[in-house]
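As provided, entry-v6.cif (mmCIF, C-alpha atoms) reads as follows.
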data_entry
loop_
_atom_site.label_atom_id
_atom_site.label_comp_id
_atom_site.auth_asym_id
_atom_site.auth_seq_id
_atom_site.Cartn_x
_atom_site.Cartn_y
_atom_site.Cartn_z
CA MET J 1 -60.25 81.97 -107.02
CA MET J 2 -59.06 79.86 -104.04
CA ARG J 3 -60.64 76.83 -105.66
CA PHE J 4 -58.00 76.90 -108.34
CA LEU J 5 -55.09 78.38 -106.44
CA VAL J 6 -54.94 75.75 -103.71
CA PRO J 7 -54.77 72.68 -106.00
CA LEU J 8 -52.32 74.55 -108.21
CA ALA J 9 -50.09 75.31 -105.25
CA ILE J 10 -50.23 71.66 -104.15
CA PHE J 11 -49.42 70.58 -107.69
CA VAL J 12 -46.43 72.91 -107.87
CA VAL J 13 -45.10 71.62 -104.54
CA LEU J 14 -45.51 68.01 -105.70
CA VAL J 15 -43.71 68.73 -108.96
CA GLY J 16 -40.96 70.36 -106.93
CA PHE J 17 -40.57 67.21 -104.84
CA LEU J 18 -40.52 65.02 -107.94
CA VAL J 19 -37.93 67.17 -109.71
CA VAL J 20 -35.65 67.03 -106.68
CA GLY J 21 -36.30 63.30 -106.42
CA LEU J 22 -35.31 62.75 -110.03
CA GLY J 23 -32.03 64.54 -109.42
CA LEU J 24 -31.08 62.35 -106.45
CA LYS J 25 -28.77 59.45 -107.07
CA PRO J 26 -29.81 56.51 -104.91
CA ARG J 27 -26.66 54.67 -105.99
CA GLU J 28 -24.52 57.25 -104.27
CA VAL J 29 -24.93 56.49 -100.62
CA PRO J 30 -23.28 59.22 -98.55
CA SER J 31 -20.30 57.79 -96.73
CA PRO J 32 -20.24 58.14 -92.95
CA LEU J 33 -16.44 58.10 -93.18
CA ILE J 34 -16.17 61.63 -94.51
CA GLY J 35 -14.51 63.79 -91.87
CA LYS J 36 -13.22 60.69 -90.10
CA PRO J 37 -9.69 59.29 -90.08
CA ALA J 38 -9.06 57.01 -93.03
CA PRO J 39 -9.03 53.38 -91.89
CA GLU J 40 -5.50 52.14 -91.42
CA PHE J 41 -4.07 49.49 -93.69
CA GLN J 42 -0.88 47.62 -94.25
CA LEU J 43 -0.92 45.99 -97.64
CA ARG J 44 1.42 44.49 -100.20
CA GLN J 45 2.41 46.56 -103.17
CA LEU J 46 1.23 45.41 -106.56
CA HIS J 47 4.50 45.79 -108.43
CA ASP J 48 6.78 44.64 -105.66
CA SER J 49 4.99 42.02 -103.61
CA ASP J 50 7.74 41.95 -101.00
CA LYS J 51 7.16 45.56 -100.08
CA MET J 52 4.33 46.83 -97.97
CA LEU J 53 2.63 50.19 -97.76
CA THR J 54 0.96 51.43 -94.61
CA SER J 55 -1.55 54.25 -94.54
CA LYS J 56 0.61 56.06 -91.99
CA GLU J 57 3.35 56.60 -94.55
CA ASN J 58 1.11 59.07 -96.34
CA LEU J 59 0.55 61.31 -93.33
CA GLY J 60 1.62 64.87 -93.98
CA LYS J 61 0.48 65.01 -97.57
CA VAL J 62 -2.76 65.26 -99.44
CA TRP J 63 -3.36 62.15 -101.54
CA LEU J 64 -6.00 60.35 -103.52
CA LEU J 65 -6.86 56.72 -102.99
CA ASN J 66 -8.41 55.24 -106.10
CA VAL J 67 -10.08 51.84 -105.77
CA TRP J 68 -9.74 49.98 -109.05
CA ALA J 69 -9.71 46.54 -110.63
CA SER J 70 -8.94 45.11 -114.02
CA TRP J 71 -12.42 43.56 -114.17
CA CYS J 72 -14.07 46.91 -113.57
CA VAL J 73 -15.48 48.43 -116.73
CA SER J 74 -16.05 51.96 -115.42
CA CYS J 75 -12.42 52.04 -114.31
CA ARG J 76 -11.40 52.25 -117.97
CA GLN J 77 -13.66 55.21 -118.38
CA GLU J 78 -11.95 57.25 -115.66
CA HIS J 79 -8.46 55.92 -116.30
CA PRO J 80 -7.24 58.48 -118.88
CA LEU J 81 -8.23 61.26 -116.47
CA LEU J 82 -6.22 59.69 -113.67
CA VAL J 83 -3.21 59.27 -115.94
CA GLU J 84 -3.44 62.92 -116.86
CA LEU J 85 -3.85 63.96 -113.24
CA ALA J 86 -0.81 61.93 -112.24
CA LYS J 87 1.23 63.54 -115.03
CA SER J 88 0.27 67.01 -113.84
CA GLY J 89 1.83 66.19 -110.47
CA ILE J 90 -0.81 68.16 -108.59
CA VAL J 91 -1.62 65.35 -106.19
CA PRO J 92 -0.29 61.80 -105.83
CA VAL J 93 -2.75 59.06 -106.72
CA TYR J 94 -2.48 55.75 -104.89
CA GLY J 95 -4.28 52.72 -106.21
CA LEU J 96 -6.10 50.10 -104.20
CA ASN J 97 -6.28 47.08 -106.44
CA TYR J 98 -9.54 45.58 -105.26
CA LYS J 99 -10.30 41.84 -105.48
CA ASP J 100 -8.19 41.36 -108.55
CA GLN J 101 -5.67 38.89 -109.95
CA ARG J 102 -2.10 40.17 -109.88
CA ASP J 103 -1.30 39.22 -113.48
CA ASP J 104 -4.49 40.80 -114.79
CA ALA J 105 -3.86 43.96 -112.82
CA LEU J 106 -0.28 44.33 -114.06
CA ARG J 107 -1.33 43.69 -117.66
CA TRP J 108 -4.13 46.23 -117.34
CA LEU J 109 -1.73 48.93 -116.12
CA LYS J 110 0.70 48.12 -118.92
CA GLN J 111 -2.07 48.44 -121.46
CA PHE J 112 -3.73 51.61 -120.22
CA GLY J 113 -0.90 53.36 -118.39
CA ASN J 114 -0.08 53.52 -114.71
CA PRO J 115 -1.15 56.69 -112.93
CA TYR J 116 -0.43 55.33 -109.46
CA THR J 117 2.46 56.37 -107.29
CA ILE J 118 2.01 52.99 -105.66
CA SER J 119 -0.72 50.43 -106.06
CA ILE J 120 -1.51 48.22 -103.11
CA VAL J 121 -3.33 44.92 -103.25
CA ASP J 122 -6.53 44.01 -101.47
CA PRO J 123 -7.30 40.57 -102.90
CA GLU J 124 -10.16 39.74 -100.54
CA GLY J 125 -11.68 43.17 -100.31
CA ARG J 126 -11.08 43.52 -96.57
CA THR J 127 -9.55 46.97 -96.71
CA GLY J 128 -12.28 47.82 -99.18
CA LEU J 129 -14.86 46.89 -96.58
CA ASP J 130 -13.12 49.13 -94.04
CA TYR J 131 -13.34 52.01 -96.48
CA GLY J 132 -16.99 51.33 -97.23
CA VAL J 133 -16.33 50.37 -100.83
CA TYR J 134 -19.34 48.86 -102.56
CA GLY J 135 -18.96 49.85 -106.18
CA VAL J 136 -15.65 50.15 -107.95
CA PRO J 137 -14.28 52.63 -108.93
CA GLU J 138 -14.29 54.84 -105.88
CA THR J 139 -11.89 57.63 -105.09
CA TYR J 140 -11.08 59.14 -101.72
CA VAL J 141 -9.44 62.48 -101.01
CA ILE J 142 -7.37 62.17 -97.85
CA ASP J 143 -5.82 65.17 -96.15
CA LYS J 144 -2.49 65.73 -94.38
CA ASN J 145 -3.86 64.44 -91.10
CA GLY J 146 -5.09 61.26 -92.71
CA VAL J 147 -8.74 62.31 -92.64
CA ILE J 148 -11.09 61.40 -95.49
CA ARG J 149 -12.46 64.63 -96.92
CA TYR J 150 -14.33 63.49 -99.99
CA LYS J 151 -15.46 60.31 -101.66
CA GLN J 152 -16.24 59.96 -105.32
CA ILE J 153 -18.51 57.00 -105.96
CA GLY J 154 -18.23 55.73 -109.49
CA PRO J 155 -15.80 56.98 -112.10
CA VAL J 156 -14.04 60.31 -111.69
CA THR J 157 -15.46 62.67 -114.31
CA VAL J 158 -14.00 65.88 -115.71
CA ASP J 159 -16.76 67.74 -113.95
CA ALA J 160 -16.14 66.11 -110.57
CA LEU J 161 -12.42 66.70 -110.95
CA GLN J 162 -12.74 70.37 -111.80
CA THR J 163 -15.56 71.38 -109.51
CA LYS J 164 -14.91 69.20 -106.48
CA ILE J 165 -11.71 67.20 -106.27
CA LEU J 166 -9.10 69.69 -107.52
CA PRO J 167 -10.44 72.73 -105.61
CA LEU J 168 -10.60 70.61 -102.47
CA VAL J 169 -7.06 69.31 -102.98
CA LYS J 170 -5.75 72.87 -103.47
CA GLU J 171 -7.55 74.04 -100.35
CA LEU J 172 -6.18 71.14 -98.31
CA GLN J 173 -2.67 71.62 -99.63
CA GLY J 174 -2.80 75.36 -98.99
CA MET R 1 -36.11 -11.68 -119.45
CA LYS R 2 -32.90 -12.50 -117.65
CA LYS R 3 -31.32 -9.39 -119.11
CA PHE R 4 -34.22 -7.31 -118.00
CA GLY R 5 -33.97 -8.65 -114.47
CA LEU R 6 -30.30 -7.84 -114.34
CA LEU R 7 -30.91 -4.33 -115.62
CA LEU R 8 -33.64 -3.81 -113.06
CA ALA R 9 -31.38 -5.02 -110.29
CA LEU R 10 -28.64 -2.68 -111.42
CA MET R 11 -31.00 0.26 -111.64
CA LEU R 12 -32.24 -0.37 -108.14
CA LEU R 13 -28.73 -0.80 -106.81
CA LEU R 14 -27.22 2.31 -108.35
CA PRO R 15 -28.93 4.97 -106.27
CA VAL R 16 -28.14 3.05 -103.14
CA SER R 17 -24.45 2.93 -103.88
CA TRP R 18 -24.40 6.62 -104.76
CA ALA R 19 -26.41 7.84 -101.87
CA LYS R 20 -24.40 9.78 -99.36
CA GLU R 21 -25.11 11.81 -96.31
CA ALA R 22 -25.83 15.40 -97.40
CA ALA R 23 -22.87 17.55 -96.49
CA PRO R 24 -23.75 20.46 -94.22
CA VAL R 25 -23.80 23.75 -96.10
CA ALA R 26 -21.88 25.57 -93.41
CA GLU R 27 -19.35 24.38 -90.91
CA ASP R 28 -21.50 25.60 -88.07
CA PRO R 29 -25.23 25.60 -88.84
CA GLU R 30 -26.04 27.46 -85.63
CA LEU R 31 -23.71 30.32 -86.52
CA GLU R 32 -24.97 30.28 -90.10
CA ARG R 33 -28.52 30.66 -88.88
CA ARG R 34 -27.53 33.59 -86.69
CA MET R 35 -25.67 35.17 -89.60
CA VAL R 36 -28.67 34.82 -91.92
CA THR R 37 -31.04 36.27 -89.32
CA LEU R 38 -28.81 39.28 -88.86
CA SER R 39 -28.12 39.81 -92.54
CA GLU R 40 -31.83 39.78 -93.32
CA GLU R 41 -31.95 43.12 -91.53
CA LEU R 42 -29.18 44.55 -93.69
CA ARG R 43 -29.43 46.11 -97.12
CA CYS R 44 -27.08 45.19 -99.91
CA LEU R 45 -25.64 48.42 -101.29
CA VAL R 46 -25.08 47.02 -104.75
CA CYS R 47 -28.58 45.70 -105.43
CA GLN R 48 -30.38 48.04 -103.13
CA ASN R 49 -33.66 46.22 -102.87
CA GLU R 50 -32.15 43.01 -101.63
CA THR R 51 -30.97 42.00 -98.20
CA ILE R 52 -27.42 40.93 -97.54
CA ALA R 53 -28.88 37.49 -96.85
CA ALA R 54 -30.61 37.22 -100.22
CA SER R 55 -28.19 38.98 -102.52
CA ARG R 56 -25.80 37.11 -104.76
CA ALA R 57 -23.64 40.16 -105.28
CA ASP R 58 -19.97 39.83 -104.53
CA PHE R 59 -20.34 42.64 -102.05
CA ALA R 60 -22.99 40.74 -100.09
CA ASN R 61 -20.71 37.73 -100.06
CA ASP R 62 -17.94 39.77 -98.50
CA VAL R 63 -20.26 41.21 -95.87
CA ARG R 64 -21.59 37.74 -95.01
CA ARG R 65 -18.04 36.52 -94.63
CA GLU R 66 -17.23 39.47 -92.40
CA ILE R 67 -20.32 38.83 -90.24
CA ARG R 68 -19.44 35.14 -89.96
CA GLU R 69 -15.90 35.94 -88.89
CA GLN R 70 -16.97 38.49 -86.35
CA MET R 71 -19.53 36.07 -84.93
CA LYS R 72 -16.80 33.47 -84.60
CA ALA R 73 -14.81 36.10 -82.74
CA ASP R 74 -17.69 36.33 -80.26
CA LYS R 75 -18.90 39.76 -81.30
CA SER R 76 -22.49 40.59 -80.43
CA ASP R 77 -25.04 41.37 -83.13
CA LYS R 78 -25.04 45.00 -82.06
CA GLU R 79 -21.27 45.26 -82.37
CA ILE R 80 -21.40 43.83 -85.87
CA VAL R 81 -24.19 46.17 -86.93
CA ASP R 82 -22.28 49.14 -85.49
CA PHE R 83 -19.21 48.02 -87.42
CA LEU R 84 -21.15 48.03 -90.68
CA VAL R 85 -22.97 51.29 -89.97
CA ALA R 86 -19.62 52.98 -89.27
CA ARG R 87 -18.53 52.05 -92.79
CA TYR R 88 -21.70 52.19 -94.85
CA GLY R 89 -24.01 54.47 -92.87
CA ASP R 90 -27.58 53.96 -91.71
CA PHE R 91 -28.48 53.03 -95.26
CA VAL R 92 -27.39 49.43 -94.64
CA LEU R 93 -30.14 49.10 -92.07
CA TYR R 94 -33.62 48.21 -93.25
CA ARG R 95 -34.86 49.74 -90.00
CA PRO R 96 -33.00 53.02 -89.62
CA PRO R 97 -32.72 54.37 -86.06
CA VAL R 98 -34.94 57.25 -85.00
CA LYS R 99 -32.83 60.41 -84.89
CA SER R 100 -33.00 63.99 -86.11
CA SER R 101 -31.98 63.14 -89.68
CA THR R 102 -34.51 60.32 -89.96
CA PHE R 103 -37.32 62.17 -88.19
CA PHE R 104 -39.31 62.82 -91.37
CA LEU R 105 -38.73 59.30 -92.58
CA TRP R 106 -40.38 57.92 -89.45
CA PHE R 107 -43.00 60.53 -88.70
CA GLY R 108 -43.56 62.27 -92.05
CA PRO R 109 -46.44 59.97 -93.05
CA PHE R 110 -48.22 60.57 -89.74
CA ILE R 111 -47.76 64.32 -90.06
CA PHE R 112 -49.37 64.17 -93.50
CA LEU R 113 -52.15 62.00 -92.09
CA VAL R 114 -52.92 64.59 -89.41
CA ILE R 115 -52.85 67.43 -91.97
CA GLY R 116 -55.19 65.42 -94.20
CA ALA R 117 -57.58 64.76 -91.32
CA ILE R 118 -57.69 68.46 -90.40
CA VAL R 119 -58.34 69.46 -94.01
CA LEU R 120 -61.11 66.88 -94.30
CA PHE R 121 -62.70 67.99 -91.03
CA VAL R 122 -62.69 71.67 -91.98
CA TYR R 123 -64.02 70.89 -95.45
CA LEU R 124 -66.89 68.75 -94.18
CA LYS R 125 -67.85 71.32 -91.58
CA ARG R 126 -67.94 74.08 -94.16
CA ARG R 127 -69.99 71.97 -96.54
CA ARG R 128 -72.59 71.23 -93.92
CA LYS R 129 -73.23 74.97 -93.62
CA GLN R 130 -73.59 75.30 -97.38
CA ILE R 131 -76.29 72.63 -97.73
CA GLU R 132 -78.50 73.83 -94.91
CA GLU R 133 -82.21 73.60 -95.68
CA PRO R 134 -83.26 76.47 -97.95
CA MET R 135 -86.03 78.64 -96.47
CA LEU R 136 -89.18 78.59 -98.57
CA THR R 137 -91.95 81.14 -98.61
CA GLU R 138 -95.57 80.15 -98.11
CA GLN R 139 -96.27 80.60 -101.78
CA GLN R 140 -93.34 78.43 -102.87
CA LEU R 141 -94.48 75.64 -100.56
CA LYS R 142 -97.95 75.65 -102.07
CA GLN R 143 -96.46 75.61 -105.54
CA ALA R 144 -94.29 72.62 -104.67
CA GLU R 145 -97.24 70.77 -103.18
CA SER R 146 -99.35 71.25 -106.28
CA LEU R 147 -96.49 70.10 -108.47
CA LEU R 148 -96.10 66.95 -106.42
CA LYS R 149 -99.84 66.22 -106.59
CA GLU R 150 -99.77 66.71 -110.33
CA GLY R 151 -96.94 64.19 -110.58
CA LYS R 152 -98.92 61.62 -108.59
CA GLY R 153 -101.96 62.07 -110.80
CA ASN R 154 -99.93 61.48 -113.93
CA ASN R 155 -98.38 58.31 -112.61
CA ALA R 156 -101.67 56.81 -111.50
#
Would you write out, as structure tokens, the structure that this file holds?
Amino acid sequence: MMRFLVPLAIFVVLVGFLVVGLGLKPREVPSPLIGKPAPEFQLRQLHDSDKMLTSKENLGKVWLLNVWASWCVSCRQEHPLLVELAKSGIVPVYGLNYKDQRDDALRWLKQFGNPYTISIVDPEGRTGLDYGVYGVPETYVIDKNGVIRYKQIGPVTVDALQTKILPLVKELQG
Amino acid sequence: MKKFGLLLALMLLLPVSWAKEAAPVAEDPELERRMVTLSEELRCLVCQNETIAASRADFANDVRREIREQMKADKSDKEIVDFLVARYGDFVLYRPPVKSSTFFLWFGPFIFLVIGAIVLFVYLKRRRKQIEEPMLTEQQLKQAESLLKEGKGNNA
């Protein structure tokens, strides 16, 4: 009896490991910044280049920082969701226009709609580096104390919005 | 023939007039070398099986620029690595540090090796018992002997 049970048990354990392994997403590297204060920035605004926005101005409210670019294909995929979210007024969405051309960025927003309360410009990706951005789009949930609470790597999906982002935002706003 | 000579002269002259000292790839080759050495230890997060030194991804470019700038600002290699780990986690390191979360990564293979060795040892020991010499009765021995003799006779 043991002759068959032991290999079977080993086989089941191996399959278990493989199933878990298949479910992991190596592209989604957990960010060490979660639970840490969001890196400070002072950047020009996309629509009004004379104006700046500093990260400190958003202290006291829960907000989303969405890293986007006109050259980013997956950004189009998540864009309608962001527009809808912005319309609902649940949480303000700020855009970090990452390594983009100003004209392209403005045209893109005109074409697909502008969900952003304010978009700021990071032409050389320096603020992006501070935030640990490596694949656009990425979205950060930042709480009232300016602490990063969640990072969505890749496009925001309906599922991620409903099961993670919105419940977290409500909890943080509470 | 005259034409040919002229052509030959021109052909020989051309490369000489075009030749120029090769421009250095980087402003500071020493710093560039240090940057490459350091970035060979770092993983590109976009194309995860490439180093920052080897990757052509835009991301790797940015990180190389950052490393270069920090080196110019007299930061030590450790400070630069800490800077990147703070933003991208241990995953950027090809040699992750030994700590509780990486314990199995470092020692898992050896644990399995020890388990395997124990299993093998126990198995071999048990098998030795199983194949101990079978005890034969007097009669069986005689029978075997006669069978062997018979075999010899047939072969001869």
### Task
Please return, as an NGL selection string, all residues of chain J lying within 7 Å of chain R when all atoms listed in the file are considered.
:J and (31-33 or 130-132 or 134-135)
Please produce a file of those selected residues containing C-alpha atoms, as a compact mmCIF listing (two decimals), in the coordinates of the input.
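Produced file again-v9.txt, reproduced below:
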# COMPACT_ATOMS: atom_id res chain seq x y z
CA SER J 31 -20.30 57.79 -96.73
CA PRO J 32 -20.24 58.14 -92.95
CA LEU J 33 -16.44 58.10 -93.18
CA ASP J 130 -13.12 49.13 -94.04
CA TYR J 131 -13.34 52.01 -96.48
CA GLY J 132 -16.99 51.33 -97.23
CA TYR J 134 -19.34 48.86 -102.56
CA GLY J 135 -18.96 49.85 -106.18
### Query
Hey, what comes out of the PyMOL selection byres ((chain J and resi 96-106) around 10) on this file? Could you write it as JSON, numbers by chain?
{"J": [43, 45, 46, 47, 49, 65, 66, 67, 68, 69, 70, 71, 72, 93, 94, 95, 107, 108, 109, 110, 111, 114, 116, 118, 119, 120, 121, 122, 123, 124, 125, 126, 127, 128, 133, 136, 137, 138, 139], "R": [58]}
Please list as a PDB file with C-alpha atoms, in the frame of the given file every residue within 9 Å of Pro80 (chain J), counting only C-alpha atoms and excluding residues in the same chain fewer than 6 positions away.
ATOM      1  CA  PHE J 112      -3.730  51.610-120.220  1.00  0.00           C
ATOM      2  CA  GLY J 113      -0.900  53.360-118.390  1.00  0.00           C
ATOM      3  CA  PRO J 115      -1.150  56.690-112.930  1.00  0.00           C
TER       4      PRO J 115
END
### Query
How many Å lie between CA of Val156 (chain J) and CA of Leu81 (chain J), rounded to one decimal?
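Computing the Euclidean distance for CA of Val156 (chain J) and CA of Leu81 (chain J) yields 7.6 Å.
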### Interatomic distance (Å, one decimal) between CA of Thr102 (chain R) and CA of Gly154 (chain J)
25.8 Å
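For the pair CA of Val20 (chain J) and CA of Val141 (chain J), the separation is 27.2 Å.
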### Task
Between J:Gln152, J:Gly174, J:Lys164, J:Val83, single out the one closest to Arg27 (chain J), counting only C-alpha atoms.
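Nearest candidate to Arg27 (chain J) out of J:Gln152, J:Gly174, J:Lys164, J:Val83: J:Gln152.
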Return as a PDB file with C-alpha atoms, in the frame of the given file the set of residues that the PyMOL selection byres ((chain R and resi 64) around 12) yields on the displayed structure.
ATOM      1  CA  LEU J 129     -14.860  46.890 -96.580  1.00  0.00           C
TER       2      LEU J 129
ATOM      3  CA  LEU R  31     -23.710  30.320 -86.520  1.00  0.00           C
ATOM      4  CA  GLU R  32     -24.970  30.280 -90.100  1.00  0.00           C
ATOM      5  CA  ARG R  33     -28.520  30.660 -88.880  1.00  0.00           C
ATOM      6  CA  ARG R  34     -27.530  33.590 -86.690  1.00  0.00           C
ATOM      7  CA  MET R  35     -25.670  35.170 -89.600  1.00  0.00           C
ATOM      8  CA  VAL R  36     -28.670  34.820 -91.920  1.00  0.00           C
ATOM      9  CA  THR R  37     -31.040  36.270 -89.320  1.00  0.00           C
ATOM     10  CA  LEU R  38     -28.810  39.280 -88.860  1.00  0.00           C
ATOM     11  CA  SER R  39     -28.120  39.810 -92.540  1.00  0.00           C
ATOM     12  CA  GLU R  40     -31.830  39.780 -93.320  1.00  0.00           C
ATOM     13  CA  LEU R  42     -29.180  44.550 -93.690  1.00  0.00           C
ATOM     14  CA  ARG R  43     -29.430  46.110 -97.120  1.00  0.00           C
ATOM     15  CA  CYS R  44     -27.080  45.190 -99.910  1.00  0.00           C
ATOM     16  CA  THR R  51     -30.970  42.000 -98.200  1.00  0.00           C
ATOM     17  CA  ILE R  52     -27.420  40.930 -97.540  1.00  0.00           C
ATOM     18  CA  ALA R  53     -28.880  37.490 -96.850  1.00  0.00           C
ATOM     19  CA  ALA R  54     -30.610  37.220-100.220  1.00  0.00           C
ATOM     20  CA  SER R  55     -28.190  38.980-102.520  1.00  0.00           C
ATOM     21  CA  ARG R  56     -25.800  37.110-104.760  1.00  0.00           C
ATOM     22  CA  ALA R  57     -23.640  40.160-105.280  1.00  0.00           C
ATOM     23  CA  ASP R  58     -19.970  39.830-104.530  1.00  0.00           C
ATOM     24  CA  PHE R  59     -20.340  42.640-102.050  1.00  0.00           C
ATOM     25  CA  ALA R  60     -22.990  40.740-100.090  1.00  0.00           C
ATOM     26  CA  ASN R  61     -20.710  37.730-100.060  1.00  0.00           C
ATOM     27  CA  ASP R  62     -17.940  39.770 -98.500  1.00  0.00           C
ATOM     28  CA  VAL R  63     -20.260  41.210 -95.870  1.00  0.00           C
ATOM     29  CA  ARG R  65     -18.040  36.520 -94.630  1.00  0.00           C
ATOM     30  CA  GLU R  66     -17.230  39.470 -92.400  1.00  0.00           C
ATOM     31  CA  ILE R  67     -20.320  38.830 -90.240  1.00  0.00           C
ATOM     32  CA  ARG R  68     -19.440  35.140 -89.960  1.00  0.00           C
ATOM     33  CA  GLU R  69     -15.900  35.940 -88.890  1.00  0.00           C
ATOM     34  CA  GLN R  70     -16.970  38.490 -86.350  1.00  0.00           C
ATOM     35  CA  MET R  71     -19.530  36.070 -84.930  1.00  0.00           C
ATOM     36  CA  ILE R  80     -21.400  43.830 -85.870  1.00  0.00           C
ATOM     37  CA  VAL R  81     -24.190  46.170 -86.930  1.00  0.00           C
ATOM     38  CA  LEU R  84     -21.150  48.030 -90.680  1.00  0.00           C
TER      39      LEU R  84
END
